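Notes for the one structure printed next.
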Amino acid sequence: MAKKKVLILTGGGDCPGLNAVIRGVVKRASQTQDWEVWGSLEAYNGVLNDPVELIKLTGNPIAAGIHVRGGTILMTTTKGGPFNWPVQQADGSWTSEDRSDYLLKKLKELEIEAVISIGGDGSQRISKQLYDKGLKVVGVPKTIDNDLSATDYTFGFQTAVQEASSAVDKLVTTAESHHRAMILEVMGRSAGWIALHSAIAGGAEVCLIPEIPYDTEKVVKRVNSRYQGGRGFVNIVIAEGAKAVDGDVVAREATEVGYENVRLGGVGNLLAEQLKQNGCTADIRVTVLGHLQRGGSPTAFDRVLATQFGVKAFEMVLNGEFGRMVAYKHNDMVTVSLDDATREYNYVNTDSFLVKAARGVGISFGD
Ligand code: F6P
């Protein structure tokens with residue numbers, strides 16, 4: 001008897017742990033007699049492209065031992081999607097078209113029973129729209145930003161924090177040697193999770209996050225206070241989405257076709273200028289950590305979390321729990337509706353004990 005096919009895909013920005021989810025699905029499915037796992041390359045593009053780009057993962061050695069590898073063996077994309085497929089016009093300009101009906105037809109022809117879609121909020125929204133059109137889909141949350149409120153943690157976040165913390169550690173030693181003020185800009189979109197965790201872990205003096213707009217004069221005061229006894233040094237971690245009380249988020253122009261996200265970045269350099277203009281006497285250097293915090297091997301925590309997500313996602317397929325996303329809540333694997341999965345953005349709660357603890361060890365948020 002022909003086996004039933006479940007299709008797995010990764011969408012949006014990559015993050016460490018994606019391969020561990022894929023492996024979790026493949027391994028758990030191989031314990032059944034009647035399911036095989038297929039992968040679609042670059043999210044749904046593998047189904048929409050002609051010829052299709054699908055690979056059978058069950059029994060395929062490329063899926064073995066991949067939980068330790070960063071990135072995604074299925075590749076991913078941040079450009080367009082089935083509802084927004086970029087199409088070039090005769091004059092060279094780009095428009096987009098809705099190819100969701102074609103996608104569903106294609107999946108039927110390929111005899112795909114169910115889809116496991118690993119992605120951030122954008123991907124989960126696409127899953128919800130496809131579910132409403134009849135697709136049997138299960139979601140798995142991923143992002144280094146930890147900005148999905150339905151789950152306590154997303155995999156990839158811990159790895160990013162580890163990378164950012166070790167950057168702070170390194171900057172501390174050189175800051176100390178040169179008596180400098182070091183600014184480290186980290187990712188996180190509109191949430192300050194990576195900045196907050198790495199500032200606490202690395203022992204930074206200042207942490208600037210989107211949830212607490214900073215007063216430049218107060219930051220300068222804190223920096224200058226570190227130099228009162230003579231030679232001082234200071235470490236500042238700033239989230240890419242942070243802004244001054246009287247300023248705006250720093251974003252770059254998105255020139256890539258089909259790229260729908262806002263490209264954040266540059267606030268670290270802006271802060272350096274603001275500090276100088278407001279009387280900061282220290283020498284300042286800026287480091288933008290960038291995609292280093294998204295690459296490489298996932299930490300053990302992220303491998304374990306991602307493996308649980310993969311196994312649970314396949315069990316959701318077995319149980320027919322479609323239109324839902326797996327989530328990690330109170331140390332357990334649970335499921336939430338795709339609606340609930342994307343309802344609220346997960347900002348840092350400024351009244352949380354985490355923020356209190358940061359203040360408790362003397363970290364200034366510039367407020
Ligand atoms: O959402 C993950 C993330 O790394 C954000 O922290 C960052 O703003 C963005 O993606 C960068 O996107 P890209 O890789 O498309 O430049």
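By convention in this document, the chains of the structure tokens carry letters A, B, ... by their order, each chain's residues are numbered from 1, and ligands are numbered from 1 in the order they are shown.
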Test item: residues at most 9 Å from A:Leu171, only C-alpha atoms, excluding those fewer than 2 positions along its chain, as a PDB file with C-alpha atoms, in the first residue's frame:
```pdb
ATOM      1  CA  SER A 166      29.928  35.976  23.920  1.00  0.00           C
ATOM      2  CA  ALA A 167      30.254  39.131  21.782  1.00  0.00           C
ATOM      3  CA  VAL A 168      29.629  41.221  24.925  1.00  0.00           C
ATOM      4  CA  ASP A 169      32.271  39.173  26.784  1.00  0.00           C
ATOM      5  CA  THR A 173      37.965  42.949  27.535  1.00  0.00           C
ATOM      6  CA  THR A 174      38.852  45.362  24.761  1.00  0.00           C
ATOM      7  CA  ALA A 175      36.699  48.143  26.270  1.00  0.00           C
ATOM      8  CA  GLU A 176      38.595  47.736  29.529  1.00  0.00           C
ATOM      9  CA  MET A 182      31.483  49.853  23.237  1.00  0.00           C
ATOM     10  CA  ILE A 183      28.121  49.712  21.512  1.00  0.00           C
ATOM     11  CA  LEU A 184      26.880  46.312  20.379  1.00  0.00           C
ATOM     12  CA  ASN A 235      29.383  48.320  27.402  1.00  0.00           C
ATOM     13  CA  THR A 287      29.904  46.601  16.530  1.00  0.00           C
TER      14      THR A 287
END
```
- Query: Quick one: DSSP helix (DSSP H, G or I) residues in stretch 165-326 of chain A, as a PyMOL selection string?
  - Reply: chain A and resi 165-178+193-202+216-225+267-277+290-293+300-319
- Message: List as a VMD selection string the protein and nucleic acid residues near stretch 127-140 of chain A, meaning an atom at most 8 Å away when only C-alpha atoms are counted, but skip any in the same chain fewer than 4 places from it.
- Response: chain A and resid 100 104 113 to 119 123 309 to 310 313 316 to 317 321 to 327 338 to 339
- Please identify all polymer residues within 8 Å of A:Val219, counting only C-alpha atoms, omitting same-chain residues fewer than 3 positions from it, and present them as an NGL selection string. :A and (206 or 214-216 or 222-223 or 275 or 364-366)
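Considering the residues A:Ser165, A:Thr255, A:Gln277, A:Asn49 and counting only C-alpha atoms, A:Ile236 has its shortest atom-to-atom contact with A:Ser165.
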Listing only residues of chain A within 6 Å of ligand 1, what is the closest atom pair and its distance in Å (to one decimal) for each, using only C-alpha atoms and all ligand atoms, sorted by chain and residue number ascending, as CSV?
```
residue,atom,partner,partner_atom_place_in_ligand_line,distance
A:Gly13,CA,ligand 1,14 (O),5.6
A:Thr143,CA,ligand 1,1 (O),5.8
A:Ile144,CA,ligand 1,2 (C),5.7
A:Asp145,CA,ligand 1,6 (O),5.5
A:Met187,CA,ligand 1,6 (O),4.1
A:Gly188,CA,ligand 1,6 (O),3.9
A:Arg189,CA,ligand 1,8 (O),4.5
A:Leu264,CA,ligand 1,8 (O),5.4
```
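Closest to A:Ser149 among A:Ile126, A:Ile200, A:Ala64, A:Ala341 is A:Ala341, based on only C-alpha atoms.
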- Query: At what distance in Å, to one decimal, does atom CA of A:Leu148 lie from atom CA of A:Ser190?
  - Reply: 11.3 Å
Residues within 10 Å of A:Thr78, please, as a short mmCIF file (atom, residue, chain, number, x, y, z; two decimals) with N, CA and C atoms, in the first residue's frame. Count only C-alpha atoms; anything in the same chain fewer than 4 positions from it doesn't count.
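Okay, this is what ended up in part.cif:
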```cif
data_model
loop_
_atom_site.label_atom_id
_atom_site.label_comp_id
_atom_site.auth_asym_id
_atom_site.auth_seq_id
_atom_site.Cartn_x
_atom_site.Cartn_y
_atom_site.Cartn_z
N GLY A 11 10.11 28.43 6.11
CA GLY A 11 9.88 29.73 5.47
C GLY A 11 10.38 30.88 6.34
N GLY A 12 10.63 32.02 5.71
CA GLY A 12 11.12 33.20 6.45
C GLY A 12 12.62 33.08 6.70
N GLY A 13 13.15 33.98 7.55
CA GLY A 13 14.58 33.96 7.86
C GLY A 13 14.97 32.64 8.51
N ASP A 14 16.16 32.15 8.20
CA ASP A 14 16.57 30.87 8.82
C ASP A 14 16.90 31.09 10.29
N GLU A 42 12.83 25.83 -0.37
CA GLU A 42 12.48 27.26 -0.26
C GLU A 42 10.99 27.45 -0.01
N ALA A 43 10.57 26.97 1.13
CA ALA A 43 9.16 27.09 1.55
C ALA A 43 8.23 26.49 0.49
N GLY A 122 4.89 35.59 9.89
CA GLY A 122 4.47 35.71 8.49
C GLY A 122 4.07 34.35 7.94
N SER A 123 4.90 33.35 8.20
CA SER A 123 4.61 31.99 7.70
C SER A 123 3.36 31.42 8.36
N GLU A 256 15.23 44.48 -2.39
CA GLU A 256 15.12 43.13 -2.97
C GLU A 256 13.68 42.84 -3.39
N GLY A 258 10.22 41.42 -3.85
CA GLY A 258 9.37 40.52 -3.08
C GLY A 258 9.65 40.54 -1.58
N TYR A 259 10.68 41.28 -1.14
CA TYR A 259 11.03 41.31 0.28
C TYR A 259 10.04 42.22 1.01
N GLU A 260 9.30 41.63 1.95
CA GLU A 260 8.21 42.41 2.54
C GLU A 260 8.50 42.92 3.95
N ASN A 261 9.60 42.45 4.54
CA ASN A 261 9.89 42.89 5.91
C ASN A 261 10.54 44.27 5.92
#
```
- Query: Between A:Thr10, A:Lys3, A:Arg359, A:Met75, which is the closest to A:Pro141 once you count only C-alpha atoms?
  - Reply: A:Thr10
- What is the distance, in Å and to one decimal place, between atom CA of A:Arg99 and atom CA of A:Phe83?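 So the two atoms, atom CA of A:Arg99 and atom CA of A:Phe83, lie 5.7 Å apart.
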- Query: If we count only C-alpha atoms, what is near A:Val237 at a cut-off of 9 Å, once residues fewer than 3 positions away on the same chain are taken out, given as a PyMOL selection string?
  - Reply: chain A and resi 168+182-186+195-196+198-199+204-209+268
- Task: Return as a ChimeraX atom specification the full set of residues in stretch 35-209 of chain A whose backbone-based DSSP assignment is strand (DSSP E).
- Result: /A:35-40,54-56,85-88,94-97,112-119,137-141,181-186,206-208
Using C-alpha atoms, can you write the selected residues to a file as a PDB file, in the first residue's frame?
```pdb
ATOM      1  CA  TRP A  35       3.800   7.736   6.507  1.00  0.00           C
ATOM      2  CA  GLU A  36       6.722   9.140   4.601  1.00  0.00           C
ATOM      3  CA  VAL A  37       8.141  12.652   4.839  1.00  0.00           C
ATOM      4  CA  TRP A  38       8.895  14.912   1.907  1.00  0.00           C
ATOM      5  CA  GLY A  39      10.573  18.333   1.922  1.00  0.00           C
ATOM      6  CA  SER A  40       9.758  21.311  -0.274  1.00  0.00           C
ATOM      7  CA  LEU A  54      10.631  18.188  -3.553  1.00  0.00           C
ATOM      8  CA  ILE A  55      12.926  15.721  -1.850  1.00  0.00           C
ATOM      9  CA  LYS A  56      11.968  12.540  -0.098  1.00  0.00           C
ATOM     10  CA  TRP A  85       4.084  35.533  -5.694  1.00  0.00           C
ATOM     11  CA  PRO A  86       6.397  38.072  -7.385  1.00  0.00           C
ATOM     12  CA  VAL A  87       5.865  38.254 -11.147  1.00  0.00           C
ATOM     13  CA  GLN A  88       7.998  40.333 -13.516  1.00  0.00           C
ATOM     14  CA  TRP A  94       7.334  43.598 -10.544  1.00  0.00           C
ATOM     15  CA  THR A  95       3.810  42.835  -9.402  1.00  0.00           C
ATOM     16  CA  SER A  96       2.509  39.975  -7.303  1.00  0.00           C
ATOM     17  CA  GLU A  97      -0.163  37.377  -7.869  1.00  0.00           C
ATOM     18  CA  ILE A 112       0.325  15.396  -0.123  1.00  0.00           C
ATOM     19  CA  GLU A 113      -1.916  14.554   2.849  1.00  0.00           C
ATOM     20  CA  ALA A 114      -0.646  17.200   5.215  1.00  0.00           C
ATOM     21  CA  VAL A 115       1.882  20.020   5.505  1.00  0.00           C
ATOM     22  CA  ILE A 116       4.157  20.973   8.410  1.00  0.00           C
ATOM     23  CA  SER A 117       5.204  24.588   7.967  1.00  0.00           C
ATOM     24  CA  ILE A 118       8.077  25.871  10.096  1.00  0.00           C
ATOM     25  CA  GLY A 119       8.206  29.652  10.219  1.00  0.00           C
ATOM     26  CA  VAL A 137      -1.495  22.236   7.896  1.00  0.00           C
ATOM     27  CA  VAL A 138       0.386  22.246  11.193  1.00  0.00           C
ATOM     28  CA  GLY A 139       2.629  25.159  12.225  1.00  0.00           C
ATOM     29  CA  VAL A 140       5.979  25.131  14.030  1.00  0.00           C
ATOM     30  CA  PRO A 141       7.218  28.471  15.441  1.00  0.00           C
ATOM     31  CA  ALA A 181      32.499  52.834  25.333  1.00  0.00           C
ATOM     32  CA  MET A 182      31.483  49.853  23.237  1.00  0.00           C
ATOM     33  CA  ILE A 183      28.121  49.712  21.512  1.00  0.00           C
ATOM     34  CA  LEU A 184      26.880  46.312  20.379  1.00  0.00           C
ATOM     35  CA  GLU A 185      23.867  46.305  18.061  1.00  0.00           C
ATOM     36  CA  VAL A 186      21.946  43.032  18.093  1.00  0.00           C
ATOM     37  CA  VAL A 206      23.390  49.884  29.422  1.00  0.00           C
ATOM     38  CA  CYS A 207      20.695  48.009  27.516  1.00  0.00           C
ATOM     39  CA  LEU A 208      18.455  49.811  25.041  1.00  0.00           C
TER      40      LEU A 208
END
```
- One-decimal distance in Å that lies between atom CA of A:Lys142 and atom CA of A:Lys108: 26.7 Å
- Item | Long-range neighbours of A:Asn331 as an MDAnalysis selection string, 12 Å cut-off, only C-alpha atoms, 6 positions minimum in chain | chainID A and resid 151:153 304:305 308
Output all heavy atoms of each residue in that selection to a file, as a CSV table (one decimal), in the first residue's frame.
```csv
chain,number,residue,atom,x,y,z
A,151,THR,N,4.2,31.0,22.4
A,151,THR,CA,5.1,30.1,22.9
A,151,THR,C,6.1,30.8,23.8
A,151,THR,O,6.5,31.9,23.6
A,151,THR,CB,5.9,29.4,21.7
A,151,THR,OG1,6.7,28.4,22.2
A,151,THR,CG2,6.7,30.3,20.8
A,152,ASP,N,6.5,30.1,24.9
A,152,ASP,CA,7.4,30.7,25.9
A,152,ASP,C,8.7,31.0,25.2
A,152,ASP,O,9.4,32.0,25.5
A,152,ASP,CB,7.6,29.9,27.1
A,152,ASP,CG,6.4,29.8,28.0
A,152,ASP,OD1,5.5,30.7,27.8
A,152,ASP,OD2,6.3,29.0,28.9
A,153,TYR,N,9.2,30.1,24.4
A,153,TYR,CA,10.4,30.3,23.7
A,153,TYR,C,10.3,29.7,22.2
A,153,TYR,O,9.6,28.8,22.0
A,153,TYR,CB,11.6,29.5,24.3
A,153,TYR,CG,12.1,30.2,25.6
A,153,TYR,CD1,11.8,29.6,26.8
A,153,TYR,CD2,12.7,31.4,25.6
A,153,TYR,CE1,12.2,30.2,28.0
A,153,TYR,CE2,13.1,32.0,26.8
A,153,TYR,CZ,12.8,31.4,28.0
A,153,TYR,OH,13.2,32.0,29.2
A,304,VAL,N,17.1,20.6,21.7
A,304,VAL,CA,16.1,19.8,22.4
A,304,VAL,C,14.7,20.4,22.1
A,304,VAL,O,13.8,19.6,21.9
A,304,VAL,CB,16.4,19.8,23.9
A,304,VAL,CG1,15.3,19.1,24.7
A,304,VAL,CG2,17.8,19.1,24.2
A,305,LEU,N,14.6,21.7,22.2
A,305,LEU,CA,13.3,22.3,21.9
A,305,LEU,C,12.8,22.0,20.5
A,305,LEU,O,11.7,21.6,20.3
A,305,LEU,CB,13.5,23.9,22.1
A,305,LEU,CG,12.2,24.7,22.0
A,305,LEU,CD1,11.1,24.3,23.0
A,305,LEU,CD2,12.5,26.2,22.2
A,308,GLN,N,11.7,18.5,20.1
A,308,GLN,CA,10.3,18.3,20.7
A,308,GLN,C,9.2,18.8,19.7
A,308,GLN,O,8.2,18.2,19.5
A,308,GLN,CB,10.2,19.0,22.0
A,308,GLN,CG,11.0,18.4,23.1
A,308,GLN,CD,10.8,19.1,24.4
A,308,GLN,OE1,9.8,18.8,25.1
A,308,GLN,NE2,11.6,20.0,24.8
```
